[in-house]
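Below is protein-v9.csv, which holds CSV, N, CA, C and O atoms.
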```
chain,number,residue,atom,x,y,z
A,698,ARG,N,120.5,78.8,110.1
A,698,ARG,CA,121.8,79.0,110.5
A,698,ARG,C,122.8,78.3,109.6
A,698,ARG,O,122.5,77.3,109.0
A,699,LYS,N,124.0,78.8,109.5
A,699,LYS,CA,125.0,78.2,108.7
A,699,LYS,C,125.6,77.0,109.5
A,699,LYS,O,125.6,77.0,110.7
A,700,ALA,N,126.2,76.0,108.8
A,700,ALA,CA,126.8,74.9,109.4
A,700,ALA,C,127.9,75.3,110.4
A,700,ALA,O,128.0,74.7,111.5
A,701,ARG,N,128.7,76.3,110.1
A,701,ARG,CA,129.7,76.7,111.0
A,701,ARG,C,129.2,77.3,112.3
A,701,ARG,O,129.9,77.3,113.3
A,702,GLU,N,128.0,77.8,112.3
A,702,GLU,CA,127.3,78.2,113.5
A,702,GLU,C,126.7,77.1,114.3
A,702,GLU,O,126.7,77.0,115.5
A,703,GLN,N,126.1,76.1,113.6
A,703,GLN,CA,125.4,75.0,114.2
A,703,GLN,C,126.4,74.1,115.0
A,703,GLN,O,126.0,73.6,116.1
A,704,ILE,N,127.6,74.0,114.6
A,704,ILE,CA,128.6,73.1,115.3
A,704,ILE,C,128.9,73.7,116.7
A,704,ILE,O,129.4,72.9,117.5
A,705,GLU,N,128.6,74.9,117.0
A,705,GLU,CA,128.9,75.5,118.3
A,705,GLU,C,127.8,75.2,119.3
A,705,GLU,O,127.9,75.5,120.5
A,706,SER,N,126.7,74.6,118.9
A,706,SER,CA,125.6,74.3,119.8
A,706,SER,C,125.4,72.7,119.9
A,706,SER,O,126.0,72.0,119.2
A,707,GLY,N,124.6,72.4,120.9
A,707,GLY,CA,124.3,71.0,121.1
A,707,GLY,C,125.3,70.2,121.9
A,707,GLY,O,126.3,70.8,122.4
A,708,GLU,N,125.0,68.9,122.1
A,708,GLU,CA,125.9,68.0,122.8
A,708,GLU,C,126.9,67.4,121.9
A,708,GLU,O,126.6,66.9,120.8
A,709,ILE,N,128.2,67.5,122.3
A,709,ILE,CA,129.2,66.9,121.5
A,709,ILE,C,129.1,65.3,121.6
A,709,ILE,O,129.0,64.8,122.7
A,710,ILE,N,129.1,64.7,120.5
A,710,ILE,CA,129.0,63.2,120.4
A,710,ILE,C,130.2,62.7,119.6
A,710,ILE,O,130.6,63.3,118.6
A,711,PRO,N,130.8,61.7,120.1
A,711,PRO,CA,132.0,61.2,119.4
A,711,PRO,C,131.5,60.6,118.0
A,711,PRO,O,130.4,60.1,117.9
A,712,TYR,N,132.4,60.7,117.0
A,712,TYR,CA,132.1,60.1,115.7
A,712,TYR,C,132.3,58.6,115.9
A,712,TYR,O,133.4,58.1,115.7
A,713,ASP,N,131.3,58.0,116.3
A,713,ASP,CA,131.3,56.5,116.6
A,713,ASP,C,129.8,56.0,116.2
A,713,ASP,O,128.9,56.4,116.9
A,714,LEU,N,129.7,55.3,115.2
A,714,LEU,CA,128.4,54.8,114.8
A,714,LEU,C,127.6,54.1,115.9
A,714,LEU,O,126.4,54.2,115.9
A,715,ALA,N,128.3,53.5,116.8
A,715,ALA,CA,127.6,52.8,117.9
A,715,ALA,C,127.0,53.8,118.9
A,715,ALA,O,126.0,53.4,119.6
A,716,GLN,N,127.5,55.0,119.0
A,716,GLN,CA,127.0,56.0,119.9
A,716,GLN,C,126.1,57.0,119.3
A,716,GLN,O,125.3,57.7,119.9
A,717,MET,N,126.1,57.1,117.9
A,717,MET,CA,125.3,58.1,117.2
A,717,MET,C,123.9,57.6,117.1
A,717,MET,O,123.6,56.4,117.1
A,718,GLU,N,123.0,58.6,117.1
A,718,GLU,CA,121.5,58.3,117.0
A,718,GLU,C,121.0,59.1,115.8
A,718,GLU,O,121.5,60.1,115.4
A,719,PRO,N,119.9,58.5,115.2
A,719,PRO,CA,119.2,59.2,114.1
A,719,PRO,C,118.8,60.6,114.6
A,719,PRO,O,118.4,60.8,115.7
A,720,GLY,N,119.1,61.6,113.8
A,720,GLY,CA,118.9,63.0,114.1
A,720,GLY,C,120.1,63.8,114.5
A,720,GLY,O,120.1,65.0,114.5
A,721,ASP,N,121.2,63.1,114.8
A,721,ASP,CA,122.5,63.8,115.1
A,721,ASP,C,122.9,64.5,113.9
A,721,ASP,O,122.8,64.0,112.8
A,722,LEU,N,123.6,65.6,114.1
A,722,LEU,CA,124.1,66.4,112.9
A,722,LEU,C,125.6,66.0,112.8
A,722,LEU,O,126.3,66.0,113.8
A,723,ILE,N,126.0,65.8,111.6
A,723,ILE,CA,127.4,65.4,111.3
A,723,ILE,C,128.0,66.6,110.4
A,723,ILE,O,127.4,66.9,109.4
A,724,PHE,N,129.1,67.1,110.9
A,724,PHE,CA,129.7,68.3,110.2
A,724,PHE,C,130.9,67.9,109.4
A,724,PHE,O,131.7,67.1,109.9
A,725,PHE,N,131.1,68.4,108.2
A,725,PHE,CA,132.2,68.1,107.3
A,725,PHE,C,133.0,69.4,107.1
A,725,PHE,O,132.4,70.5,107.1
A,726,GLY,N,134.3,69.2,106.8
A,726,GLY,CA,135.1,70.4,106.5
A,726,GLY,C,136.6,70.0,106.7
A,726,GLY,O,137.0,68.9,106.3
A,727,ARG,N,137.3,70.9,107.4
A,727,ARG,CA,138.7,70.6,107.7
A,727,ARG,C,138.9,70.7,109.2
A,727,ARG,O,138.4,71.7,109.8
A,728,LYS,N,139.7,69.8,109.7
A,728,LYS,CA,140.0,69.8,111.2
A,728,LYS,C,140.6,71.1,111.6
A,728,LYS,O,141.2,71.8,110.8
A,729,ALA,N,140.5,71.5,112.9
A,729,ALA,CA,141.1,72.7,113.4
A,729,ALA,C,142.6,72.6,113.3
A,729,ALA,O,143.2,71.6,113.5
A,730,SER,N,143.2,73.8,113.0
A,730,SER,CA,144.7,73.9,113.0
A,730,SER,C,145.1,74.6,114.3
A,730,SER,O,144.2,75.1,115.0
A,731,GLU,N,146.3,74.6,114.6
A,731,GLU,CA,146.8,75.3,115.8
A,731,GLU,C,146.5,76.8,115.7
A,731,GLU,O,146.1,77.4,116.7
A,732,ALA,N,146.5,77.4,114.5
A,732,ALA,CA,146.3,78.8,114.4
A,732,ALA,C,144.8,79.1,114.6
A,732,ALA,O,144.4,80.1,115.2
A,733,SER,N,143.9,78.3,114.0
A,733,SER,CA,142.5,78.6,114.1
A,733,SER,C,141.8,78.1,115.3
A,733,SER,O,140.8,78.7,115.8
A,734,ARG,N,142.2,77.0,115.8
A,734,ARG,CA,141.6,76.3,117.0
A,734,ARG,C,140.2,75.8,116.8
A,734,ARG,O,139.7,75.2,117.7
A,735,LYS,N,139.6,76.1,115.7
A,735,LYS,CA,138.3,75.7,115.4
A,735,LYS,C,138.3,75.0,114.0
A,735,LYS,O,139.0,75.4,113.1
A,736,PRO,N,137.4,74.0,113.8
A,736,PRO,CA,137.4,73.4,112.5
A,736,PRO,C,136.8,74.3,111.5
A,736,PRO,O,136.0,75.2,111.8
A,737,SER,N,137.1,74.2,110.2
A,737,SER,CA,136.4,74.9,109.2
A,737,SER,C,135.3,74.0,108.7
A,737,SER,O,135.5,72.9,108.1
A,738,VAL,N,134.1,74.4,109.0
A,738,VAL,CA,132.9,73.7,108.6
A,738,VAL,C,132.3,74.1,107.3
A,738,VAL,O,132.0,75.3,107.2
A,739,THR,N,132.1,73.2,106.4
A,739,THR,CA,131.6,73.6,105.1
A,739,THR,C,130.3,72.9,104.7
A,739,THR,O,129.6,73.3,103.7
A,740,HIS,N,129.9,71.9,105.5
A,740,HIS,CA,128.7,71.1,105.1
A,740,HIS,C,128.2,70.4,106.3
A,740,HIS,O,128.9,70.1,107.3
A,741,VAL,N,126.9,70.1,106.4
A,741,VAL,CA,126.2,69.4,107.5
A,741,VAL,C,125.2,68.4,106.9
A,741,VAL,O,124.6,68.6,105.9
A,742,ALA,N,125.1,67.3,107.6
A,742,ALA,CA,124.2,66.2,107.2
A,742,ALA,C,123.5,65.7,108.5
A,742,ALA,O,124.0,66.0,109.6
A,743,ILE,N,122.4,65.1,108.3
A,743,ILE,CA,121.6,64.5,109.4
A,743,ILE,C,121.9,62.9,109.3
A,743,ILE,O,121.7,62.3,108.3
A,744,TYR,N,122.3,62.4,110.5
A,744,TYR,CA,122.4,61.0,110.6
A,744,TYR,C,121.1,60.3,110.6
A,744,TYR,O,120.2,60.7,111.4
A,745,ILE,N,120.8,59.3,109.8
A,745,ILE,CA,119.5,58.6,109.7
A,745,ILE,C,119.6,57.2,110.2
A,745,ILE,O,118.7,56.4,110.2
A,746,GLY,N,120.8,56.8,110.7
A,746,GLY,CA,121.0,55.4,111.3
A,746,GLY,C,121.6,54.5,110.2
A,746,GLY,O,121.6,54.8,109.0
A,747,GLY,N,122.1,53.4,110.7
A,747,GLY,CA,122.6,52.3,109.8
A,747,GLY,C,123.8,52.8,109.0
A,747,GLY,O,124.1,52.3,107.9
A,748,GLY,N,124.6,53.8,109.5
A,748,GLY,CA,125.7,54.3,108.8
A,748,GLY,C,125.4,55.2,107.7
A,748,GLY,O,126.2,55.4,106.8
A,749,ARG,N,124.2,55.8,107.6
A,749,ARG,CA,123.7,56.6,106.5
A,749,ARG,C,123.4,58.0,106.9
A,749,ARG,O,123.0,58.2,108.1
A,750,ILE,N,123.5,58.9,106.0
A,750,ILE,CA,123.2,60.3,106.2
A,750,ILE,C,122.2,60.8,105.1
A,750,ILE,O,122.2,60.2,104.0
A,751,ILE,N,121.5,61.9,105.4
A,751,ILE,CA,120.8,62.6,104.4
A,751,ILE,C,121.3,64.0,104.4
A,751,ILE,O,121.5,64.6,105.5
A,752,HIS,N,121.5,64.6,103.3
A,752,HIS,CA,122.0,65.9,103.2
A,752,HIS,C,121.6,66.5,101.8
A,752,HIS,O,121.1,65.9,101.0
A,753,SER,N,121.9,67.8,101.7
A,753,SER,CA,121.5,68.5,100.5
A,753,SER,C,122.7,69.4,100.0
A,753,SER,O,123.2,70.2,100.8
A,754,SER,N,123.0,69.3,98.8
A,754,SER,CA,123.9,70.3,98.1
A,754,SER,C,123.3,70.4,96.7
A,754,SER,O,123.6,69.5,95.8
A,755,GLN,N,122.4,71.2,96.5
A,755,GLN,CA,121.5,71.4,95.3
A,755,GLN,C,120.5,70.3,95.2
A,755,GLN,O,119.4,70.6,94.9
A,756,LEU,N,120.8,69.1,95.5
A,756,LEU,CA,119.9,67.9,95.5
A,756,LEU,C,119.9,67.2,96.8
A,756,LEU,O,121.0,67.2,97.5
A,757,VAL,N,118.8,66.7,97.3
A,757,VAL,CA,118.8,65.9,98.5
A,757,VAL,C,119.3,64.6,98.2
A,757,VAL,O,118.9,63.9,97.2
A,758,ARG,N,120.2,64.1,99.0
A,758,ARG,CA,120.9,62.8,98.8
A,758,ARG,C,121.0,62.0,100.1
A,758,ARG,O,121.0,62.6,101.2
A,759,ILE,N,121.0,60.7,99.9
A,759,ILE,CA,121.3,59.8,101.0
A,759,ILE,C,122.6,59.1,100.6
A,759,ILE,O,122.7,58.6,99.5
A,760,ASN,N,123.6,59.1,101.6
A,760,ASN,CA,124.9,58.5,101.3
A,760,ASN,C,125.3,57.7,102.5
A,760,ASN,O,124.7,57.8,103.6
A,761,SER,N,126.3,56.9,102.3
A,761,SER,CA,126.8,56.0,103.4
A,761,SER,C,128.1,56.7,104.0
A,761,SER,O,128.8,57.4,103.3
A,762,LEU,N,128.3,56.4,105.3
A,762,LEU,CA,129.5,56.8,106.0
A,762,LEU,C,130.5,55.7,106.0
A,762,LEU,O,131.6,55.8,106.6
A,763,LEU,N,130.1,54.5,105.4
A,763,LEU,CA,131.0,53.3,105.5
A,763,LEU,C,131.9,53.2,104.3
A,763,LEU,O,131.4,53.0,103.1
A,764,PRO,N,133.2,53.3,104.5
A,764,PRO,CA,134.1,53.1,103.3
A,764,PRO,C,133.8,51.8,102.6
A,764,PRO,O,133.5,50.8,103.2
A,765,GLY,N,133.9,51.8,101.3
A,765,GLY,CA,133.7,50.6,100.5
A,765,GLY,C,132.3,50.5,99.9
A,765,GLY,O,132.1,49.8,99.0
A,766,GLU,N,131.4,51.3,100.5
A,766,GLU,CA,130.0,51.3,100.0
A,766,GLU,C,130.0,52.2,98.7
A,766,GLU,O,130.8,53.1,98.5
A,767,SER,N,129.2,51.8,97.7
A,767,SER,CA,129.2,52.5,96.4
A,767,SER,C,128.8,54.0,96.6
A,767,SER,O,129.2,54.8,95.7
A,768,ASP,N,128.0,54.3,97.6
A,768,ASP,CA,127.6,55.7,97.8
A,768,ASP,C,128.3,56.4,99.0
A,768,ASP,O,127.8,57.3,99.6
A,769,TYR,N,129.5,55.9,99.3
A,769,TYR,CA,130.3,56.4,100.4
A,769,TYR,C,130.6,57.9,100.2
A,769,TYR,O,131.0,58.4,99.2
A,770,TYR,N,130.3,58.7,101.3
A,770,TYR,CA,130.5,60.2,101.3
A,770,TYR,C,131.9,60.4,101.9
A,770,TYR,O,132.0,60.3,103.1
A,771,GLN,N,132.9,60.7,101.1
A,771,GLN,CA,134.2,60.7,101.6
A,771,GLN,C,134.8,62.0,102.1
A,771,GLN,O,136.0,62.2,102.2
A,772,LYS,N,133.9,63.0,102.4
A,772,LYS,CA,134.4,64.2,103.0
A,772,LYS,C,134.9,64.0,104.4
A,772,LYS,O,134.4,63.1,105.1
A,773,GLU,N,135.8,64.9,104.9
A,773,GLU,CA,136.3,64.8,106.2
A,773,GLU,C,135.3,65.2,107.3
A,773,GLU,O,134.7,66.3,107.2
A,774,ILE,N,135.0,64.4,108.3
A,774,ILE,CA,134.1,64.7,109.4
A,774,ILE,C,134.9,65.4,110.4
A,774,ILE,O,135.9,65.0,110.9
A,775,VAL,N,134.3,66.6,110.8
A,775,VAL,CA,135.0,67.4,111.8
A,775,VAL,C,134.2,67.5,113.1
A,775,VAL,O,134.7,68.1,114.1
A,776,GLY,N,133.0,66.9,113.2
A,776,GLY,CA,132.3,66.9,114.5
A,776,GLY,C,130.9,66.3,114.3
A,776,GLY,O,130.3,66.3,113.2
A,777,VAL,N,130.4,65.9,115.4
A,777,VAL,CA,129.0,65.4,115.5
A,777,VAL,C,128.3,66.1,116.7
A,777,VAL,O,129.0,66.2,117.8
A,778,ARG,N,127.1,66.5,116.5
A,778,ARG,CA,126.4,67.2,117.6
A,778,ARG,C,125.0,66.6,117.7
A,778,ARG,O,124.3,66.3,116.7
A,779,ARG,N,124.5,66.6,118.9
A,779,ARG,CA,123.1,66.2,119.2
A,779,ARG,C,122.3,67.4,119.6
A,779,ARG,O,122.6,68.0,120.7
A,780,MET,N,121.3,67.7,118.9
A,780,MET,CA,120.5,68.9,119.2
A,780,MET,C,119.1,68.5,119.8
A,780,MET,O,118.6,69.3,120.6
A,781,LEU,N,118.6,67.3,119.5
A,781,LEU,CA,117.3,66.9,119.9
A,781,LEU,C,117.3,66.9,121.5
A,781,LEU,O,118.2,66.4,122.1
A,782,GLY,N,116.3,67.5,122.0
A,782,GLY,CA,116.1,67.5,123.5
A,782,GLY,C,116.9,68.6,124.1
A,782,GLY,O,116.9,68.7,125.4
A,783,LYS,N,117.6,69.5,123.4
A,783,LYS,CA,118.4,70.5,123.9
A,783,LYS,C,117.8,71.9,123.8
A,783,LYS,O,118.4,72.9,124.3
A,784,ALA,N,116.7,72.0,123.2
A,784,ALA,CA,116.0,73.3,123.0
A,784,ALA,C,115.7,73.9,124.4
A,784,ALA,O,115.1,73.2,125.3
A,785,GLY,N,116.1,75.1,124.6
A,785,GLY,CA,115.9,75.8,125.9
A,785,GLY,C,117.0,75.5,126.9
A,785,GLY,O,117.2,76.2,127.9
A,786,GLU,N,117.8,74.4,126.7
A,786,GLU,CA,118.9,74.1,127.6
A,786,GLU,C,120.2,74.8,127.1
A,786,GLU,O,121.0,75.2,127.9
A,787,ASP,N,120.4,74.8,125.8
A,787,ASP,CA,121.6,75.3,125.1
A,787,ASP,C,121.2,76.7,124.6
A,787,ASP,O,120.2,76.8,123.9
A,788,PRO,N,122.0,77.7,124.9
A,788,PRO,CA,121.7,79.0,124.4
A,788,PRO,C,121.6,79.2,122.9
A,788,PRO,O,121.0,80.1,122.4
A,789,GLY,N,122.3,78.3,122.2
A,789,GLY,CA,122.2,78.3,120.7
A,789,GLY,C,121.0,77.6,120.1
A,789,GLY,O,120.9,77.6,118.9
A,790,ILE,N,120.2,77.0,120.9
A,790,ILE,CA,119.1,76.2,120.4
A,790,ILE,C,117.8,76.8,121.0
A,790,ILE,O,117.5,76.7,122.2
A,791,VAL,N,117.0,77.5,120.2
A,791,VAL,CA,115.8,78.2,120.6
A,791,VAL,C,114.6,77.4,120.1
A,791,VAL,O,114.5,77.1,118.9
A,792,PRO,N,113.6,77.1,120.9
A,792,PRO,CA,112.4,76.5,120.4
A,792,PRO,C,111.8,77.4,119.3
A,792,PRO,O,111.7,78.6,119.5
A,793,ILE,N,111.3,76.8,118.3
A,793,ILE,CA,110.8,77.6,117.1
A,793,ILE,C,109.7,78.5,117.5
A,793,ILE,O,109.6,79.6,117.0
A,794,LEU,N,108.8,78.2,118.5
A,794,LEU,CA,107.8,79.1,118.9
A,794,LEU,C,108.3,80.3,119.6
A,794,LEU,O,107.6,81.3,119.7
A,795,GLN,N,109.5,80.3,120.1
A,795,GLN,CA,110.1,81.4,120.7
A,795,GLN,C,111.1,82.1,119.9
A,795,GLN,O,111.8,83.1,120.3
A,796,ASP,N,111.3,81.7,118.6
A,796,ASP,CA,112.3,82.3,117.8
A,796,ASP,C,111.7,83.5,117.1
A,796,ASP,O,110.8,83.4,116.3
A,797,PRO,N,112.3,84.7,117.3
A,797,PRO,CA,111.8,85.9,116.8
A,797,PRO,C,111.9,86.0,115.2
A,797,PRO,O,111.1,86.7,114.6
A,798,TRP,N,112.8,85.2,114.7
A,798,TRP,CA,112.9,85.2,113.2
A,798,TRP,C,111.6,84.7,112.6
A,798,TRP,O,111.2,85.1,111.5
A,799,TYR,N,111.0,83.7,113.2
A,799,TYR,CA,109.8,83.1,112.7
A,799,TYR,C,108.5,83.8,113.2
A,799,TYR,O,107.6,83.9,112.4
A,800,PHE,N,108.5,84.3,114.4
A,800,PHE,CA,107.3,84.8,115.0
A,800,PHE,C,107.4,86.3,115.5
A,800,PHE,O,106.6,86.7,116.2
A,801,GLY,N,108.5,87.0,115.1
A,801,GLY,CA,108.6,88.4,115.4
A,801,GLY,C,108.3,88.9,116.8
A,801,GLY,O,107.6,89.9,116.9
A,802,GLN,N,108.7,88.1,117.8
A,802,GLN,CA,108.3,88.5,119.2
A,802,GLN,C,109.1,89.7,119.7
A,802,GLN,O,110.1,89.9,119.7
```
Would you give me this structure, written as structure tokens?
Amino acid sequence: RKAREQIESGEIIPYDLAQMEPGDLIFFGRKASEASRKPSVTHVAIYIGGGRIIHSSQLVRINSLLPGESDYYQKEIVGVRRMLGKAGEDPGIVPILQDPWYFGQ
């Protein structure tokens, strides 16, 4: 799925490193305007803890979310979602064994 679709699923988590857990998805783009009411999502990363993310844009990279770090990823964060433990509870999150795209059910 595309990042703009993924942000519609899962549990909304505040962008607060103290509340975020490894595995949370962090979405980047532009904040919602009055006209669109939804953020423009252009990229997604996985939080790995310690203020760090792993993501891919042609190459897999690990970057910091902490300003001042040499590898600080300075794109605008538009949302954080927790997907883990939500399969089957959230209509946008289907367990892989039940996903017809993978298993043609």
Practice task
Counting only C-alpha atoms, figure out which residue out of A:Gly782, A:Gln771, A:Ala700, A:Gly765 gets nearest to Ile743 in chain A.
Solution key: A:Ala700
Practice task
Name the residues of chain A that fall into strand (DSSP E or B) according to DSSP on the backbone, using the chain letters and numbers of this document, as a ChimeraX atom specification.
Solution key: /A:708-710,722-727,737-746,749-754,756-761,769,774-779,784,787
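Take the candidates A:Ile751, A:Val777, A:Ala784, A:Ile793 and check each one against Asp713 in chain A using all atoms listed in the file; the shortest distance goes to A:Val777.
Counting all atoms listed in the file, the residue from A:Ile745, A:Gly707, A:Glu702, A:Val738 that sits nearest to Glu786 in chain A is A:Gly707.
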Handout entry: Neighbour list for range 721-735 of chain A as a PyMOL selection string, cut-off 6 Å, only C-alpha atoms, skip fewer than 2 positions in-chain
Key = chain A and resi 718-719+737-744+773-779
Selection file, N, CA, C and O atoms, as a JSON list (two decimals), in the frame of the given file:
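out13.json written:
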```json
[["chain", "number", "residue", "atom", "x", "y", "z"],
["A", 718, "GLU", "N", 123.00, 58.60, 117.10],
["A", 718, "GLU", "CA", 121.50, 58.30, 117.00],
["A", 718, "GLU", "C", 121.00, 59.10, 115.80],
["A", 718, "GLU", "O", 121.50, 60.10, 115.40],
["A", 719, "PRO", "N", 119.90, 58.50, 115.20],
["A", 719, "PRO", "CA", 119.20, 59.20, 114.10],
["A", 719, "PRO", "C", 118.80, 60.60, 114.60],
["A", 719, "PRO", "O", 118.40, 60.80, 115.70],
["A", 737, "SER", "N", 137.10, 74.20, 110.20],
["A", 737, "SER", "CA", 136.40, 74.90, 109.20],
["A", 737, "SER", "C", 135.30, 74.00, 108.70],
["A", 737, "SER", "O", 135.50, 72.90, 108.10],
["A", 738, "VAL", "N", 134.10, 74.40, 109.00],
["A", 738, "VAL", "CA", 132.90, 73.70, 108.60],
["A", 738, "VAL", "C", 132.30, 74.10, 107.30],
["A", 738, "VAL", "O", 132.00, 75.30, 107.20],
["A", 739, "THR", "N", 132.10, 73.20, 106.40],
["A", 739, "THR", "CA", 131.60, 73.60, 105.10],
["A", 739, "THR", "C", 130.30, 72.90, 104.70],
["A", 739, "THR", "O", 129.60, 73.30, 103.70],
["A", 740, "HIS", "N", 129.90, 71.90, 105.50],
["A", 740, "HIS", "CA", 128.70, 71.10, 105.10],
["A", 740, "HIS", "C", 128.20, 70.40, 106.30],
["A", 740, "HIS", "O", 128.90, 70.10, 107.30],
["A", 741, "VAL", "N", 126.90, 70.10, 106.40],
["A", 741, "VAL", "CA", 126.20, 69.40, 107.50],
["A", 741, "VAL", "C", 125.20, 68.40, 106.90],
["A", 741, "VAL", "O", 124.60, 68.60, 105.90],
["A", 742, "ALA", "N", 125.10, 67.30, 107.60],
["A", 742, "ALA", "CA", 124.20, 66.20, 107.20],
["A", 742, "ALA", "C", 123.50, 65.70, 108.50],
["A", 742, "ALA", "O", 124.00, 66.00, 109.60],
["A", 743, "ILE", "N", 122.40, 65.10, 108.30],
["A", 743, "ILE", "CA", 121.60, 64.50, 109.40],
["A", 743, "ILE", "C", 121.90, 62.90, 109.30],
["A", 743, "ILE", "O", 121.70, 62.30, 108.30],
["A", 744, "TYR", "N", 122.30, 62.40, 110.50],
["A", 744, "TYR", "CA", 122.40, 61.00, 110.60],
["A", 744, "TYR", "C", 121.10, 60.30, 110.60],
["A", 744, "TYR", "O", 120.20, 60.70, 111.40],
["A", 773, "GLU", "N", 135.80, 64.90, 104.90],
["A", 773, "GLU", "CA", 136.30, 64.80, 106.20],
["A", 773, "GLU", "C", 135.30, 65.20, 107.30],
["A", 773, "GLU", "O", 134.70, 66.30, 107.20],
["A", 774, "ILE", "N", 135.00, 64.40, 108.30],
["A", 774, "ILE", "CA", 134.10, 64.70, 109.40],
["A", 774, "ILE", "C", 134.90, 65.40, 110.40],
["A", 774, "ILE", "O", 135.90, 65.00, 110.90],
["A", 775, "VAL", "N", 134.30, 66.60, 110.80],
["A", 775, "VAL", "CA", 135.00, 67.40, 111.80],
["A", 775, "VAL", "C", 134.20, 67.50, 113.10],
["A", 775, "VAL", "O", 134.70, 68.10, 114.10],
["A", 776, "GLY", "N", 133.00, 66.90, 113.20],
["A", 776, "GLY", "CA", 132.30, 66.90, 114.50],
["A", 776, "GLY", "C", 130.90, 66.30, 114.30],
["A", 776, "GLY", "O", 130.30, 66.30, 113.20],
["A", 777, "VAL", "N", 130.40, 65.90, 115.40],
["A", 777, "VAL", "CA", 129.00, 65.40, 115.50],
["A", 777, "VAL", "C", 128.30, 66.10, 116.70],
["A", 777, "VAL", "O", 129.00, 66.20, 117.80],
["A", 778, "ARG", "N", 127.10, 66.50, 116.50],
["A", 778, "ARG", "CA", 126.40, 67.20, 117.60],
["A", 778, "ARG", "C", 125.00, 66.60, 117.70],
["A", 778, "ARG", "O", 124.30, 66.30, 116.70],
["A", 779, "ARG", "N", 124.50, 66.60, 118.90],
["A", 779, "ARG", "CA", 123.10, 66.20, 119.20],
["A", 779, "ARG", "C", 122.30, 67.40, 119.60],
["A", 779, "ARG", "O", 122.60, 68.00, 120.70]]
```
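Atom O of Asn760 in chain A is positioned 11.6 Å from CA of Lys772 in chain A.
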